[in-house]
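One structure is given here, and the rest of the page talks about it.
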Amino acid sequence: VMAIRDWLDKDDEPTGEFGGETDYYQGLEQAYECKNGPLTSLAELRLIRGVSESLYVGTEENPGLKDLLTVYSDGKINVNTAGPLVLQALVSPTVSQDTAEGWAESVVAYRQEPMHWDFLSESDWYRNRMAGYNDISLPVEFITTQSTHFTVQMTGKVGVGRKSIFAYLERKKSEKEEQNLVDVFVRYKEVY
């Protein structure tokens with residue numbers, strides 16, 4: 001975590017003994033500079049000290065960072081779409097792991113029930129409507145109930161030929177109207 005912080009921050013001061021600024025990366029066999037800025041691709045994580053292939057890609061037991069994070073975000077996590085591991089990570093470390101795990105599983109189950117869908121737009125439904133979990137509090141500055149970024153995969157087939165493309169979309173509020181517009185293709189990638 002310290003090395004990731006150092007990769008993102010603007011200074012050249014290492015954070016703790018496991019941090020990593022330009023001095024560290026310049027000492028590697030294939031030297032490069034610390035970015036000191038935001039990630040433009042999740043693959044950049046592999047350049048950061050301590051981010052191993054298994055941490056990035058994952059294992060059979062644990063998903064990798066590439067499956068849990070995104071660079072296309074306003075920094076908030078949508079409790080209506082986040083997976084159980086991400087939800088657990090939001091819970092205060094003062095709450096037991098078993099309680100955090102139970103809460104995350106309950107949140108996922110709750111939001112899948114059609115009779116609850118009308119409540120999912122409430123900003124704190126995950127606290128007020130989850131019986132037995134009133135002691136769970138999340139950092140509200142990192143929580144939302146609306147997504148602004150989406151990934152779309154499109155595949156076209158002609159005969160035996162096939163081509164896929166991924167598009168990353170951002171939903172923005174129209175300044176002239178009170179409606180949401182998906183108007184920006186952030187990036188796309190062709191996959192064969």
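We label chains A, B, ... in the order they appear in the structure tokens, count residues from 1 in each chain, and number ligands from 1 in the order shown.
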
Item to complete: Could you tell me, as a PyMOL selection string, which residues of chain A DSSP assigns to strand (DSSP E or B) when given the backbone?
Response: chain A and resi 58+63+77-78+143-144+149-158+161-173+180-191

Q) Just how far from atom CA of A:Glu13 is atom CA of A:Arg49, in Å to one decimal? A)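 So the two atoms, atom CA of A:Arg49 and atom CA of A:Glu13, lie 14.7 Å apart.
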
Considering only alpha helix (DSSP H) as DSSP defines it on the backbone, what residues of stretch 15-181 of chain A qualify? List them as a PyMOL selection string. chain A and resi 22-26+53-57+65-68+84-90+97-112+125-128

- request: Could you jot down the atom CA of A:Tyr126 to atom CA of A:Leu55 separation for me, Å, one decimal place?
  value: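 One can read the atom CA of A:Tyr126 to atom CA of A:Leu55 distance as 29.1 Å.
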
Q) If you count only C-alpha atoms, which residues fall within 12 Å of A:Gln97, apart from same-chain ones fewer than 5 positions away, as a PyMOL selection string? A) chain A and resi 85+87-92+102-104+136

Could you write those residues out with C-alpha atoms, as a tab-separated table (two decimals), in the first residue's frame?
```tsv
chain	number	residue	atom	x	y	z
A	85	LEU	CA	-14.83	-8.59	-1.17
A	87	LEU	CA	-17.84	-4.37	0.39
A	88	GLN	CA	-15.92	-6.14	3.16
A	89	ALA	CA	-12.91	-3.91	2.54
A	90	LEU	CA	-15.07	-0.83	3.19
A	91	VAL	CA	-16.03	-1.94	6.70
A	92	SER	CA	-14.08	-0.46	9.61
A	102	GLY	CA	-21.83	-11.63	6.86
A	103	TRP	CA	-22.84	-8.03	6.21
A	104	ALA	CA	-21.35	-8.06	2.69
A	136	ILE	CA	-21.70	-1.14	10.39
```

Using only C-alpha atoms, determine which residues lie at most 10 Å from A:Ile77, disregarding the query and same-chain residues fewer than 2 positions distant; provide the list as a ChimeraX atom specification.
/A:73-75,79-82,86-87,90,140-147

Using the selection just defined, write its residues with N, CA and C atoms as an mmCIF file, in the first residue's frame.
```cif
data_model
loop_
_atom_site.group_PDB
_atom_site.id
_atom_site.type_symbol
_atom_site.label_atom_id
_atom_site.label_comp_id
_atom_site.auth_asym_id
_atom_site.auth_seq_id
_atom_site.Cartn_x
_atom_site.Cartn_y
_atom_site.Cartn_z
ATOM 1 N N SER A 73 -13.003 5.975 -12.671
ATOM 2 C CA SER A 73 -13.854 6.149 -11.503
ATOM 3 C C SER A 73 -13.740 7.563 -10.975
ATOM 4 N N ASP A 74 -14.758 7.949 -10.233
ATOM 5 C CA ASP A 74 -14.687 9.215 -9.518
ATOM 6 C C ASP A 74 -14.200 8.982 -8.093
ATOM 7 N N GLY A 75 -13.773 7.757 -7.803
ATOM 8 C CA GLY A 75 -13.246 7.433 -6.485
ATOM 9 C C GLY A 75 -14.271 6.875 -5.524
ATOM 10 N N VAL A 79 -22.371 0.797 -3.729
ATOM 11 C CA VAL A 79 -22.773 -0.343 -2.900
ATOM 12 C C VAL A 79 -23.826 -1.197 -3.591
ATOM 13 N N ASN A 80 -24.413 -0.699 -4.664
ATOM 14 C CA ASN A 80 -25.410 -1.480 -5.400
ATOM 15 C C ASN A 80 -24.781 -2.441 -6.405
ATOM 16 N N THR A 81 -23.507 -2.277 -6.697
ATOM 17 C CA THR A 81 -22.864 -3.141 -7.693
ATOM 18 C C THR A 81 -21.569 -3.780 -7.206
ATOM 19 N N ALA A 82 -20.999 -3.308 -6.119
ATOM 20 C CA ALA A 82 -19.719 -3.833 -5.626
ATOM 21 C C ALA A 82 -19.859 -5.288 -5.191
ATOM 22 N N VAL A 86 -15.073 -6.346 -2.064
ATOM 23 C CA VAL A 86 -14.937 -4.886 -2.034
ATOM 24 C C VAL A 86 -15.774 -4.323 -0.889
ATOM 25 N N LEU A 87 -16.987 -4.825 -0.715
ATOM 26 C CA LEU A 87 -17.842 -4.367 0.387
ATOM 27 C C LEU A 87 -17.176 -4.637 1.733
ATOM 28 N N LEU A 90 -14.582 -2.142 2.778
ATOM 29 C CA LEU A 90 -15.073 -0.827 3.192
ATOM 30 C C LEU A 90 -15.382 -0.750 4.680
ATOM 31 N N VAL A 140 -18.581 7.459 4.226
ATOM 32 C CA VAL A 140 -19.574 7.997 3.290
ATOM 33 C C VAL A 140 -18.953 8.776 2.130
ATOM 34 N N GLU A 141 -17.761 9.308 2.317
ATOM 35 C CA GLU A 141 -17.125 10.056 1.229
ATOM 36 C C GLU A 141 -16.694 9.142 0.076
ATOM 37 N N PHE A 142 -16.683 7.832 0.317
ATOM 38 C CA PHE A 142 -16.294 6.872 -0.719
ATOM 39 C C PHE A 142 -17.456 6.033 -1.226
ATOM 40 N N ILE A 143 -18.686 6.354 -0.800
ATOM 41 C CA ILE A 143 -19.852 5.522 -1.110
ATOM 42 C C ILE A 143 -20.818 6.264 -2.022
ATOM 43 N N THR A 144 -21.423 5.517 -2.947
ATOM 44 C CA THR A 144 -22.483 6.048 -3.797
ATOM 45 C C THR A 144 -23.471 4.926 -4.094
ATOM 46 N N THR A 145 -24.624 5.301 -4.624
ATOM 47 C CA THR A 145 -25.605 4.305 -5.064
ATOM 48 C C THR A 145 -25.865 4.438 -6.565
ATOM 49 N N GLN A 146 -25.030 5.217 -7.247
ATOM 50 C CA GLN A 146 -25.156 5.374 -8.701
ATOM 51 C C GLN A 146 -23.787 5.232 -9.347
ATOM 52 N N SER A 147 -23.728 4.457 -10.400
ATOM 53 C CA SER A 147 -22.474 4.291 -11.140
ATOM 54 C C SER A 147 -22.351 5.376 -12.204
#
```

Judged by only C-alpha atoms, the minimum distance to A:Thr40 among A:Glu60, A:Val71, A:Leu28, A:Gly16 is found for A:Val71

Write out as a PyMOL selection string which residues come within 12 Å of A:Asp11 when counting only C-alpha atoms, dropping same-chain ones fewer than 2 positions away.
-> chain A and resi 5-9+13-15+19-23+34-37
